[in-house]
Every structure is written in structure tokens, then in C-alpha cells.
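Asker: Contents are compact mmCIF, C-alpha atoms and all ligand atoms; file name target06.txt:
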```
# COMPACT_ATOMS: atom_id res chain seq x y z
CA MET A 1367 -6.61 -2.30 0.49
CA THR A 1368 -6.44 -2.47 -3.30
CA ALA A 1369 -3.64 -4.71 -4.52
CA ALA A 1370 -0.86 -3.04 -6.50
CA ILE A 1371 -1.06 -5.95 -8.93
CA GLU A 1372 -3.82 -8.51 -9.20
CA ILE A 1373 -3.42 -11.32 -11.72
CA THR A 1374 -6.33 -13.70 -12.09
CA GLY A 1375 -6.30 -16.80 -14.25
CA LEU A 1376 -3.67 -15.37 -16.59
CA HIS A 1377 -3.18 -17.72 -19.51
CA LYS A 1378 -0.87 -17.08 -22.43
CA ARG A 1379 -0.43 -19.41 -25.35
CA TYR A 1380 1.97 -19.03 -28.26
CA GLY A 1381 0.54 -21.39 -30.85
CA ARG A 1382 0.42 -24.73 -29.07
CA ARG A 1383 2.94 -23.73 -26.42
CA VAL A 1384 1.52 -22.57 -23.11
CA ALA A 1385 3.90 -19.95 -21.67
CA VAL A 1386 1.77 -19.04 -18.63
CA HIS A 1387 -0.85 -21.36 -17.24
CA ARG A 1388 -3.88 -19.89 -15.41
CA LEU A 1389 -1.70 -17.87 -13.11
CA ASP A 1390 -3.02 -16.12 -9.99
CA LEU A 1391 -0.81 -13.63 -8.21
CA THR A 1392 -1.33 -10.69 -5.88
CA VAL A 1393 1.24 -8.05 -5.04
CA ARG A 1394 0.29 -5.82 -2.14
CA PRO A 1395 1.14 -2.12 -2.18
CA GLY A 1396 4.56 -1.32 -0.75
CA ALA A 1397 5.89 -4.87 -1.12
CA VAL A 1398 9.01 -6.02 -2.88
CA PHE A 1399 7.81 -9.10 -4.70
CA GLY A 1400 10.20 -11.51 -6.39
CA LEU A 1401 9.24 -13.71 -9.29
CA ILE A 1402 11.77 -16.47 -9.70
CA GLY A 1403 12.06 -19.26 -12.17
CA ALA A 1404 14.49 -20.91 -14.52
CA ASN A 1405 14.82 -19.83 -18.16
CA GLY A 1406 11.54 -20.21 -19.97
CA ALA A 1407 9.43 -20.42 -16.79
CA GLY A 1408 7.14 -17.60 -17.95
CA LYS A 1409 8.46 -14.59 -16.03
CA THR A 1410 8.92 -12.24 -18.97
CA THR A 1411 5.57 -13.21 -20.45
CA THR A 1412 3.83 -12.43 -17.15
CA LEU A 1413 5.56 -9.07 -16.71
CA ARG A 1414 4.88 -8.02 -20.29
CA THR A 1415 1.15 -8.48 -19.84
CA LEU A 1416 1.30 -6.05 -16.92
CA VAL A 1417 2.61 -3.27 -19.16
CA ASP A 1418 0.42 -4.27 -22.12
CA ILE A 1419 3.28 -5.26 -24.40
CA ILE A 1420 1.55 -8.57 -24.89
CA ARG A 1421 -2.06 -9.48 -24.28
CA PRO A 1422 -3.34 -12.50 -22.38
CA THR A 1423 -4.99 -15.38 -24.21
CA SER A 1424 -7.39 -15.35 -21.27
CA GLY A 1425 -7.53 -14.11 -17.70
CA ARG A 1426 -7.31 -10.65 -16.18
CA VAL A 1427 -4.58 -8.39 -14.90
CA HIS A 1428 -5.10 -5.30 -12.81
CA VAL A 1429 -2.27 -2.87 -12.23
CA LEU A 1430 -2.68 -0.04 -9.71
CA GLY A 1431 -6.40 -0.65 -9.92
CA ALA A 1432 -6.58 -0.33 -13.72
CA ASP A 1433 -6.66 -2.63 -16.72
CA PRO A 1434 -3.41 -1.99 -18.63
CA ARG A 1435 -5.16 -2.69 -21.93
CA HIS A 1436 -7.39 0.34 -21.51
CA ALA A 1437 -5.62 2.64 -19.05
CA GLY A 1438 -3.12 4.06 -21.58
CA PRO A 1439 -0.36 6.58 -20.84
CA ALA A 1440 -1.90 7.74 -17.56
CA LEU A 1441 -1.20 4.32 -16.05
CA ARG A 1442 2.20 3.93 -17.72
CA ARG A 1443 3.42 7.15 -16.13
CA ARG A 1444 2.85 5.59 -12.72
CA ILE A 1445 5.03 2.60 -13.60
CA GLY A 1446 8.77 2.20 -14.10
CA TYR A 1447 9.58 -0.77 -16.33
CA VAL A 1448 12.85 -2.47 -17.20
CA PRO A 1449 12.38 -4.95 -20.05
CA GLY A 1450 14.17 -8.28 -20.02
CA GLU A 1451 15.92 -7.59 -23.30
CA LEU A 1452 16.90 -3.98 -23.35
CA ARG A 1453 17.92 -2.63 -26.75
CA LEU A 1454 19.53 0.78 -26.92
CA GLU A 1455 20.93 1.37 -30.36
CA GLY A 1456 20.38 5.05 -31.09
CA ARG A 1457 22.94 7.83 -31.57
CA ALA A 1458 21.42 9.89 -28.75
CA THR A 1459 23.40 10.32 -25.55
CA GLY A 1460 22.13 8.85 -22.29
CA ILE A 1461 20.98 12.21 -21.01
CA ARG A 1462 19.07 13.02 -24.22
CA LEU A 1463 17.32 9.69 -24.11
CA LEU A 1464 16.45 10.10 -20.44
CA SER A 1465 15.27 13.64 -21.12
CA PHE A 1466 12.96 12.25 -23.78
CA TYR A 1467 11.62 9.66 -21.33
CA ALA A 1468 11.19 12.32 -18.66
CA GLY A 1469 9.05 14.21 -21.18
CA VAL A 1470 6.97 11.10 -21.77
CA SER A 1471 6.50 10.82 -18.02
CA GLY A 1472 5.18 14.36 -17.96
CA GLU A 1473 8.28 16.42 -17.12
CA ARG A 1474 10.06 18.77 -19.47
CA GLY A 1475 13.32 20.66 -19.41
CA ALA A 1476 16.87 19.92 -18.32
CA GLY A 1477 16.24 21.34 -14.86
CA SER A 1478 13.36 19.02 -14.01
CA GLY A 1479 13.41 17.00 -10.80
CA THR A 1480 13.31 13.80 -12.79
CA LEU A 1481 16.52 14.62 -14.67
CA HIS A 1482 18.20 15.71 -11.46
CA THR A 1483 17.37 12.28 -10.02
CA ALA A 1484 18.60 10.66 -13.23
CA ARG A 1485 22.00 12.33 -12.82
CA GLU A 1486 22.20 11.22 -9.19
CA LEU A 1487 21.36 7.66 -10.19
CA ALA A 1488 23.98 7.76 -12.96
CA ASP A 1489 26.59 8.78 -10.38
CA ARG A 1490 25.59 6.00 -8.04
CA LEU A 1491 25.53 3.32 -10.71
CA GLY A 1492 28.62 4.70 -12.45
CA VAL A 1493 27.53 5.41 -16.03
CA ASP A 1494 28.47 8.31 -18.29
CA LEU A 1495 25.29 9.99 -19.55
CA GLY A 1496 27.26 12.03 -22.11
CA ARG A 1497 28.02 9.04 -24.34
CA PRO A 1498 25.84 7.82 -27.21
CA VAL A 1499 23.88 4.92 -25.79
CA ARG A 1500 24.77 2.60 -28.66
CA SER A 1501 28.45 2.85 -27.71
CA LEU A 1502 27.84 1.69 -24.15
CA SER A 1503 28.66 -1.81 -22.90
CA LYS A 1504 25.82 -4.22 -22.08
CA GLY A 1505 26.07 -3.47 -18.35
CA ASN A 1506 26.11 0.28 -18.89
CA LYS A 1507 23.08 0.08 -21.18
CA GLN A 1508 21.34 -1.85 -18.41
CA LYS A 1509 22.15 1.02 -16.02
CA ILE A 1510 20.42 3.47 -18.40
CA GLY A 1511 17.44 1.10 -18.36
CA LEU A 1512 17.38 1.14 -14.57
CA ILE A 1513 17.69 4.93 -14.42
CA GLN A 1514 14.73 5.45 -16.77
CA ALA A 1515 12.63 3.14 -14.60
CA PHE A 1516 13.56 4.72 -11.25
CA MET A 1517 14.09 8.40 -12.11
CA HIS A 1518 10.46 9.58 -11.95
CA ARG A 1519 9.91 7.72 -8.66
CA PRO A 1520 6.93 5.74 -9.95
CA GLU A 1521 4.43 4.09 -7.63
CA LEU A 1522 5.23 0.71 -9.15
CA LEU A 1523 8.47 -0.70 -10.50
CA ILE A 1524 8.31 -3.75 -12.78
CA LEU A 1525 11.84 -5.00 -13.32
CA ASP A 1526 12.56 -7.95 -15.58
CA GLU A 1527 15.97 -9.47 -14.75
CA PRO A 1528 17.17 -6.02 -13.65
CA THR A 1529 20.72 -6.98 -12.71
CA SER A 1530 21.54 -8.79 -15.93
CA GLY A 1531 25.00 -7.70 -17.07
CA LEU A 1532 25.80 -5.72 -13.91
CA ASP A 1533 28.98 -6.41 -11.97
CA PRO A 1534 28.65 -7.35 -8.26
CA LEU A 1535 29.32 -3.85 -6.89
CA VAL A 1536 26.65 -2.32 -9.12
CA GLN A 1537 24.29 -5.16 -8.20
CA ARG A 1538 24.73 -4.14 -4.59
CA GLU A 1539 23.89 -0.53 -5.44
CA PHE A 1540 20.81 -1.77 -7.28
CA LEU A 1541 19.67 -3.68 -4.18
CA ALA A 1542 20.10 -0.45 -2.19
CA LEU A 1543 17.86 1.34 -4.72
CA VAL A 1544 15.20 -1.33 -4.25
CA ARG A 1545 15.35 -0.94 -0.46
CA GLU A 1546 15.04 2.84 -0.79
CA ALA A 1547 12.08 2.43 -3.12
CA ARG A 1548 10.36 0.22 -0.57
CA ASP A 1549 11.12 2.70 2.22
CA ALA A 1550 9.56 5.43 0.07
CA GLY A 1551 6.37 3.33 -0.23
CA GLN A 1552 6.89 2.25 -3.85
CA THR A 1553 5.92 -1.27 -4.88
CA VAL A 1554 8.51 -3.40 -6.66
CA LEU A 1555 7.94 -6.54 -8.71
CA LEU A 1556 11.17 -8.03 -9.97
CA SER A 1557 12.06 -11.21 -11.75
CA SER A 1558 15.25 -13.19 -11.60
CA HIS A 1559 16.67 -16.61 -12.14
CA VAL A 1560 19.26 -15.91 -9.46
CA LEU A 1561 18.00 -16.98 -6.07
CA SER A 1562 20.39 -14.96 -3.90
CA GLU A 1563 19.34 -11.73 -5.58
CA ILE A 1564 15.70 -12.34 -4.72
CA GLN A 1565 16.60 -13.46 -1.21
CA GLN A 1566 18.39 -10.21 -0.55
CA SER A 1567 15.67 -7.95 -1.82
CA ALA A 1568 12.19 -9.47 -1.78
CA ASP A 1569 9.66 -9.74 1.05
CA GLU A 1570 7.55 -12.20 -0.85
CA VAL A 1571 8.34 -14.63 -3.59
CA ALA A 1572 6.54 -16.73 -6.15
CA VAL A 1573 8.39 -19.56 -7.83
CA LEU A 1574 7.39 -20.19 -11.44
CA ALA A 1575 8.00 -23.47 -13.20
CA SER A 1576 6.56 -24.22 -16.63
CA GLY A 1577 4.22 -21.24 -16.46
CA ARG A 1578 2.74 -22.11 -13.07
CA VAL A 1579 3.32 -20.96 -9.53
CA VAL A 1580 4.76 -23.98 -7.72
CA ALA A 1581 5.49 -22.18 -4.46
CA GLU A 1582 4.63 -18.83 -2.93
CA GLY A 1583 5.35 -17.12 0.37
CA ASP A 1584 7.98 -15.23 2.27
CA VAL A 1585 11.57 -15.94 1.39
CA ALA A 1586 12.35 -17.88 4.58
CA SER A 1587 9.32 -20.16 4.38
CA LEU A 1588 10.22 -21.27 0.87
CA ARG A 1589 13.47 -22.86 2.10
CA LEU A 1590 14.98 -22.41 -1.33
CA GLY A 1591 18.16 -21.12 0.22
CA SER A 1592 18.47 -24.23 2.36
CA ILE A 1593 20.16 -26.16 -0.43
CA ARG A 1594 23.85 -25.58 -0.98
CA ARG A 1595 26.49 -27.14 -3.07
CA VAL A 1596 29.88 -27.57 -1.41
CA ARG A 1597 33.34 -28.49 -2.58
CA VAL A 1598 36.10 -29.17 -0.07
CA ARG A 1599 39.72 -30.20 -0.35
CA LEU A 1600 40.77 -32.23 2.68
CA ALA A 1601 44.55 -32.43 2.95
CA GLY A 1602 46.09 -35.83 3.66
CA ALA A 1603 42.67 -37.52 3.87
CA ASP A 1604 41.95 -40.99 2.53
CA ALA A 1605 39.10 -40.73 0.01
CA GLY A 1606 37.45 -44.01 1.06
CA ALA A 1607 37.49 -43.14 4.76
CA ALA A 1608 36.25 -39.62 4.02
CA ARG A 1609 33.38 -41.06 1.97
CA ASP A 1610 32.39 -43.30 4.90
CA ARG A 1611 32.58 -40.38 7.30
CA PHE A 1612 30.53 -37.93 5.22
CA THR A 1613 27.88 -40.47 4.22
CA ARG A 1614 26.86 -40.40 7.89
CA VAL A 1615 26.56 -36.59 8.12
CA PRO A 1616 22.91 -35.47 8.23
CA GLY A 1617 21.81 -33.43 5.21
CA VAL A 1618 24.68 -34.54 2.97
CA GLU A 1619 23.48 -35.77 -0.41
CA ALA A 1620 24.95 -36.50 -3.83
CA LEU A 1621 28.31 -37.13 -2.20
CA ASP A 1622 31.30 -37.59 -4.44
CA VAL A 1623 34.81 -38.07 -3.04
CA THR A 1624 37.88 -38.43 -5.24
CA PRO A 1625 41.56 -38.73 -4.32
CA ARG A 1626 43.90 -36.09 -5.79
CA ASP A 1627 47.52 -35.22 -5.03
CA GLY A 1628 47.43 -36.68 -1.53
CA ALA A 1629 44.14 -34.96 -0.71
CA ALA A 1630 40.49 -35.94 -0.89
CA LEU A 1631 38.26 -33.75 -3.05
CA LEU A 1632 34.73 -33.82 -1.74
CA ALA A 1633 31.68 -32.52 -3.57
CA ALA A 1634 28.20 -32.74 -2.10
CA THR A 1635 24.81 -31.12 -1.91
CA ILE A 1636 23.63 -30.17 1.54
CA GLU A 1637 19.98 -29.78 2.36
CA GLY A 1638 19.03 -27.90 5.50
CA ASP A 1639 21.31 -27.21 8.45
CA ILE A 1640 24.94 -26.86 7.34
CA ASP A 1641 26.33 -27.12 10.89
CA PRO A 1642 26.84 -30.95 11.02
CA PHE A 1643 28.83 -30.71 7.80
CA VAL A 1644 30.99 -27.86 9.13
CA LYS A 1645 31.68 -29.88 12.31
CA ALA A 1646 32.63 -32.91 10.21
CA ILE A 1647 35.12 -31.07 7.99
CA ALA A 1648 36.66 -29.54 11.12
CA GLU A 1649 38.05 -33.03 11.89
CA TYR A 1650 40.32 -32.61 8.87
CA LYS A 1651 42.85 -30.13 7.59
CA VAL A 1652 40.80 -28.07 5.13
CA HIS A 1653 42.78 -26.69 2.21
CA ASP A 1654 39.93 -25.20 0.27
CA LEU A 1655 36.21 -24.72 0.74
CA VAL A 1656 33.65 -23.45 -1.76
CA VAL A 1657 29.99 -23.09 -0.85
CA GLU A 1658 27.63 -22.08 -3.62
CA GLU A 1659 23.95 -22.01 -4.29
CA PRO A 1660 22.79 -24.58 -6.82
CA ASP A 1661 20.97 -23.28 -9.84
CA LEU A 1662 17.40 -22.38 -9.28
CA GLU A 1663 15.99 -25.18 -11.35
CA GLU A 1664 17.82 -27.72 -9.20
CA SER A 1665 16.53 -26.10 -5.98
CA VAL A 1666 12.97 -25.93 -7.24
CA LEU A 1667 12.96 -29.51 -8.48
CA ARG A 1668 14.56 -30.77 -5.30
CA LEU A 1669 12.11 -29.03 -2.99
CA TYR A 1670 8.95 -29.08 -5.07
CA GLY A 1671 10.23 -31.80 -7.38
CA GLN A 1672 7.46 -34.03 -8.48
CA ASP A 1673 4.88 -31.25 -8.20
CA ALA A 1674 6.86 -28.93 -10.45
CA ARG A 1675 7.42 -31.68 -12.99
CA ASP A 1676 3.83 -32.94 -12.97
CA GLU A 1677 2.47 -29.43 -13.30
CA GLY A 1678 4.76 -28.81 -16.24
CA ASP A 1679 3.57 -31.94 -17.95
CA ALA A 1680 -0.12 -31.47 -17.27
CA ARG A 1681 -0.86 -29.12 -20.08
P1 LIG B 1701 14.01 -16.29 -19.30
O1 LIG B 1701 14.53 -16.28 -17.89
O2 LIG B 1701 14.78 -17.21 -20.19
O3 LIG B 1701 13.81 -14.93 -19.88
P2 LIG B 1701 11.16 -16.48 -18.75
O4 LIG B 1701 10.80 -17.11 -17.45
O5 LIG B 1701 11.10 -15.01 -18.82
O6 LIG B 1701 12.57 -17.02 -19.25
P3 LIG B 1701 9.35 -16.43 -21.00
O7 LIG B 1701 10.23 -15.57 -21.83
O8 LIG B 1701 8.15 -15.80 -20.41
O9 LIG B 1701 10.18 -17.13 -19.82
O10 LIG B 1701 8.93 -17.69 -21.88
C1 LIG B 1701 8.01 -18.66 -21.43
C2 LIG B 1701 7.79 -19.67 -22.54
O11 LIG B 1701 7.11 -19.08 -23.63
C3 LIG B 1701 9.08 -20.25 -23.10
O12 LIG B 1701 8.86 -21.60 -23.34
C4 LIG B 1701 9.28 -19.49 -24.39
O13 LIG B 1701 9.96 -20.27 -25.32
C5 LIG B 1701 7.85 -19.20 -24.83
N1 LIG B 1701 7.75 -17.94 -25.57
C6 LIG B 1701 7.99 -16.70 -25.10
N2 LIG B 1701 7.76 -15.76 -26.05
C7 LIG B 1701 7.37 -16.43 -27.16
C8 LIG B 1701 6.99 -16.03 -28.49
N3 LIG B 1701 6.95 -14.75 -28.83
N4 LIG B 1701 6.66 -17.01 -29.36
C9 LIG B 1701 6.67 -18.31 -29.00
N5 LIG B 1701 7.01 -18.76 -27.76
C10 LIG B 1701 7.37 -17.84 -26.86
```
Represent the structure of the file as C-alpha cells.
Answerer:
Amino acid sequence: MTAAIEITGLHKRYGRRVAVHRLDLTVRPGAVFGLIGANGAGKTTTLRTLVDIIRPTSGRVHVLGADPRHAGPALRRRIGYVPGELRLEGRATGIRLLSFYAGVSGERGAGSGTLHTARELADRLGVDLGRPVRSLSKGNKQKIGLIQAFMHRPELLILDEPTSGLDPLVQREFLALVREARDAGQTVLLSSHVLSEIQQSADEVAVLASGRVVAEGDVASLRLGSIRRVRVRLAGADAGAARDRFTRVPGVEALDVTPRDGAALLAATIEGDIDPFVKAIAEYKVHDLVVEEPDLEESVLRLYGQDARDEGDAR
């Protein structure tokens, strides 16, 4: 089976700075593949080489069996692309712009199937296609970007930080679009620096740090979601005693307990099974509980720590 995307030894240098370091990556047809990494990890650079916006210093990329440097418009029509920094400044309305793009993708006329799909997508995402695009908010511009990528039902979707600027409800609709694309046999490669977004949508993931893949596999095997940050307010608890108690709970790290207004405020990072921690707080009266994912960089460094750092340094 030919890979949808095959990246071999991709190396990109900007002057003395190496943005992507001899990267190998394969995306199989029909997969939803997530590329995650902190700011500056090399995600945008990698995705741009796939659509021939930038060219590799060395290495090869193959997209749908073709070399993007030579395949031209015929290949681009088979791809839907959302750039990381979308700029829509023109006076044209959303529908005019999308109509233009539909023409580029090979369809003409207001009655085309592509434009019909565009209108459906606009309804689902909640954006007015009758307004000049330059007057739209950042999130609504992003929706136009998503519509132009999805509307011609391309074989391959390359989405660079696709949910940037979208509110949570629209993000959920976007995730539904990705699932539908997969069900229809389309391949999706998306990048994000938000772990939960990738966890909810991708079958396979590669973690980029300093231009290199530091981990690759299915979402569960990467354990990135197994690190959580918690904050709890324990009513009437003595901070010292609470510190002693929680120091002994398996998985609890970076524990910080401070007294406040007759309560103990507890902040900690939990690695792995959260159950022992939940059982421990159940011994107290819990006034507030916040569980959040740490930022990606923290998760990556914690789990792949020294490797990620060494790789970054070894340029
Ligand atoms: P973000 O999430 O912030 O968009 P990213 O993972 O997409 O980050 P890239 O934009 O690919 O990262 O950047 C990778 C590295 O290459 C960064 O160190 C960045 O500063 C550098 N870089 C990117 N584009 C250029 C450029 N045109 N000139 C010089 N350096 C660049």
C-alpha cells in the first residue's frame, strides 16, 4: 500500500538554525495523523514542505505518491490545506472567495457540488459567507480556511493548527468533520500544540521537539495524557498534615500545599493512575477541584525528558 505521505530524511535549515532535523515520517492512507509539538518544534515547516510552500534543504517528501515540487496543480487539487497563519484581507465575501477556490479545484459555477458543500459547512461551523472576509473575526476567518480545505472533499487534508481561534463548540464540530473525513476514507494530517485535541482526533501521533521526532505511535501508547495537573481546596484541613498525607500518594509529584482561609490549597502533578489521588482527597471535604492537562512541552520533557533535550542540543 502506497503511503499517503512519506517523508524521508527531511532537513530544513534557515541560515544556521535547523528547523527540521532529518525527519522520517509515514502517514498511511485513511489515517488521522497528529503532529504535536510546542511552539517552534518544526510542525509548520514540515507541513509547508508537503504543499511546496517551502523546499527542503535536503531529504525527500512524497505526497499521494508524487513529489510536490514537480506535481503542480494536479496534486494540489487532491489536497485540502489550512495554513498555520491564515490571512484573509480582501474585500470579497466568503462565498466569492470560496467560489474562486472551487474554480481552482476544478469546479465552476454557483451550483457546483463543492459550493453546496461549502454552504453546508458554513452552517455547521456558524459563519456568514455573505460578509467581506476582511471584516470577519479571527475565528470566523479560520472557519473560512477550514471550509476551503474540506469543501472539495480532497483525498488528503493537511491542517496546520486548524482549531486556532475557534471557540470550544466550534472545535467540537471540527472534530466531527475530521471523523467524517476519516469515515469517508480521506487521510488527515493535523498539527497542534494542544494535546487533548490530538487525543480526541488522531489514530497515530508523532511528537516533535526541536525539529526531531522524539516519540511516535498510537495515542494511548504515548502516555502523554497520563500527566495531569491538579488543584484542590480542602476545607478545614491542616496544610502540614495534608502535605504529609499527599506525599505518600503514588504518582503525586511537585506537591505544593499552602494554608488559606482555614483551608489547604493543594497543587500537584500526577503521573499515571489518578485513582489513588482521588481516594486520598475523598478523606477530606473538597471545596474545589481543577484537573488540567499540563502544557505539551512539560509533558514531552517529563516523559521523554533527557532524550528530547539531548536531541535538541545535538545539532
Ligand atoms: P508554532 O507552533 O509556534 O507554529 P512550529 O512547530 O510550527 O511552531 P516552525 O514554525 O516550523 O515551528 O519553526 C521551527 C523553527 O524554525 C523555529 O525555531 C523557527 O523560529 C524557525 N523558523 C521558521 N521559519 C523561519 C524562517 N522563515 N526564517 C528563520 N527561521 C525560521
Asker: Write out as a list in words which residues come within 9 Å of Ala1646 of chain A when counting all atoms listed in the file, dropping same-chain ones fewer than 3 positions away.
Answerer: Arg1611, Phe1612, Val1615, Asp1641, Pro1642, Phe1643, Glu1649 and Tyr1650 of chain A
Asker: Measuring atom to atom with all atoms listed in the file, identify which of A:Gly1469, A:Gly1396, A:Thr1529, A:Asp1390 is nearest to Glu1451 of chain A.
Answerer: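 For Glu1451 of chain A, the nearest of the candidates is A:Thr1529.
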Asker: Give me, as CSV, each residue of chain A that comes within 7 Å of ligand LIG 1701 (chain B), together with its shortest interatomic pair and the distance in Å at one decimal, counting only C-alpha atoms and all ligand atoms, with rows ordered by chain and rising residue number.
Answerer:
```
residue,atom,partner,partner_atom,distance
A:Tyr1380,CA,B:LIG1701,C9,4.8
A:Arg1383,CA,B:LIG1701,N5,6.6
A:Val1384,CA,B:LIG1701,O11,6.6
A:Ala1385,CA,B:LIG1701,O11,3.9
A:Val1386,CA,B:LIG1701,C1,6.8
A:Gly1403,CA,B:LIG1701,O4,5.8
A:Ala1404,CA,B:LIG1701,O1,5.7
A:Asn1405,CA,B:LIG1701,O2,3.3
A:Gly1406,CA,B:LIG1701,O9,3.4
A:Ala1407,CA,B:LIG1701,O4,3.6
A:Gly1408,CA,B:LIG1701,O8,3.2
A:Lys1409,CA,B:LIG1701,O4,3.7
A:Thr1410,CA,B:LIG1701,O5,3.5
A:Thr1411,CA,B:LIG1701,O8,3.7
A:Thr1412,CA,B:LIG1701,O8,6.4
A:Gly1450,CA,B:LIG1701,O3,6.7
A:His1559,CA,B:LIG1701,O1,6.1
A:Gly1577,CA,B:LIG1701,C1,6.8
```
Asker: Please list as a compact mmCIF listing (two decimals) with C-alpha atoms, in the frame of the given file every residue within 12 Å of Arg1609 of chain A, counting only C-alpha atoms and excluding residues in the same chain fewer than 3 positions away.
Answerer:
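Result file is around.txt:
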```txt
# COMPACT_ATOMS: atom_id res chain seq x y z
CA LEU A 1600 40.77 -32.23 2.68
CA ALA A 1603 42.67 -37.52 3.87
CA ASP A 1604 41.95 -40.99 2.53
CA ALA A 1605 39.10 -40.73 0.01
CA GLY A 1606 37.45 -44.01 1.06
CA PHE A 1612 30.53 -37.93 5.22
CA THR A 1613 27.88 -40.47 4.22
CA ARG A 1614 26.86 -40.40 7.89
CA VAL A 1615 26.56 -36.59 8.12
CA VAL A 1618 24.68 -34.54 2.97
CA GLU A 1619 23.48 -35.77 -0.41
CA ALA A 1620 24.95 -36.50 -3.83
CA LEU A 1621 28.31 -37.13 -2.20
CA ASP A 1622 31.30 -37.59 -4.44
CA VAL A 1623 34.81 -38.07 -3.04
CA THR A 1624 37.88 -38.43 -5.24
CA PRO A 1625 41.56 -38.73 -4.32
CA ALA A 1630 40.49 -35.94 -0.89
CA LEU A 1631 38.26 -33.75 -3.05
CA LEU A 1632 34.73 -33.82 -1.74
CA ALA A 1633 31.68 -32.52 -3.57
CA ALA A 1634 28.20 -32.74 -2.10
CA ALA A 1646 32.63 -32.91 10.21
CA ILE A 1647 35.12 -31.07 7.99
```
Asker: Calculate how many Å separate atom CA of Gly1505 of chain A from atom CA of Thr1553 of chain A, rounding to one decimal.
Answerer: 24.3 Å
Asker: In Å, how far is it from atom CA of Pro1528 of chain A to atom CA of Tyr1447 of chain A?
Answerer: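 Distance reported for this atom pair: 9.6 Å.
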Asker: Just to confirm, what's the straight-line distance from atom CA of Leu1523 of chain A to atom CA of Leu1481 of chain A in Å (one decimal)?
Answerer: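 Computed distance, atom CA of Leu1523 of chain A to atom CA of Leu1481 of chain A, equals 17.8 Å.
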Asker: Need to verify the contact set: Thr1368 of chain A, 9 Å, all atoms listed in the file, exclusion of same-chain residues closer than 2 positions in sequence. Can you return it as a list of chain:residue names?
Answerer: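 After dropping sequence-adjacent residues, the list is A:Ala1370, A:Ile1371, A:Glu1372, A:Arg1394, A:Pro1395, A:Leu1430, A:Gly1431.
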Asker: Which residue, A:Arg1599, A:Ser1424, A:Arg1444, A:Ser1501, has the smallest gap to Lys1651 of chain A when you use all atoms listed in the file?
Answerer: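 Counting all atoms listed in the file, the residue closest to Lys1651 of chain A is A:Arg1599.
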Asker: Could you list, as a list in words, every residue within 7 Å of Ile1510 of chain A, counting only C-alpha atoms and ignoring same-chain residues fewer than 4 positions away?
Answerer: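 My reading of the contact set: Gly1460, Asn1506 and Gln1514 of chain A.
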Asker: Could you check which of A:Glu1486, A:Val1499, A:Arg1421, A:Ile1445 is closest to Ala1458 of chain A, using all atoms listed in the file?
Answerer: A:Val1499
Asker: Find the spatial neighbours of Glu1527 of chain A, counting all atoms listed in the file, within a cut-off of 7 Å - ignore same-chain residues fewer than 6 positions away - and output them as a VMD selection string.
Answerer: chain A and resid 1450 1556 to 1558
Asker: Show me, as AutoDock Vina command-line options, the centre and edge lengths in Å to one decimal of the axis-aligned box that covers every listed atom of segment 1488-1496 of chain A with 4 Å on each side.
Answerer:
```
--center_x 26.3 --center_y 7.7 --center_z -15.1 --size_x 12.6 --size_y 16.7 --size_z 22.1
```
Asker: Rank A:Val1573, A:Ile1636, A:Leu1555, A:Ala1607 by their smallest atom-to-atom distance to Ala1397 of chain A, using only C-alpha atoms, and report the top residue only.
Answerer: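 Closest to Ala1397 of chain A, using only C-alpha atoms: A:Leu1555.
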Asker: Using only C-alpha atoms, which of the listed residues (A:Pro1498, A:Val1598, A:Asp1418, A:Arg1453) sits closest to Ala1648 of chain A?
Answerer: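 Once distances to Ala1648 of chain A are computed over only C-alpha atoms, the minimum belongs to A:Val1598.
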Asker: Give the answer as one residue: which of A:Gly1381, A:Gly1479, A:Gly1551, A:Pro1520 has the shortest atom-to-atom distance to Ser1465 of chain A, using all atoms listed in the file?
Answerer: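 Between A:Gly1381, A:Gly1479, A:Gly1551, A:Pro1520, the residue approaching Ser1465 of chain A most closely is A:Gly1479.
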Asker: Within 10 Å of (24.0, -1.3, -7.7), in the coordinates the file gives, what residues turn up when you count all atoms listed in the file, written out as a list in words?
Answerer: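 Every residue inside that radius is included here: Leu1487, Arg1490, Leu1491, Gly1492, Lys1509, Leu1512, Thr1529, Leu1532, Asp1533, Pro1534, Leu1535, Val1536, Gln1537, Arg1538, Glu1539, Phe1540, Leu1541, Ala1542, Leu1543 and Val1544 of chain A.
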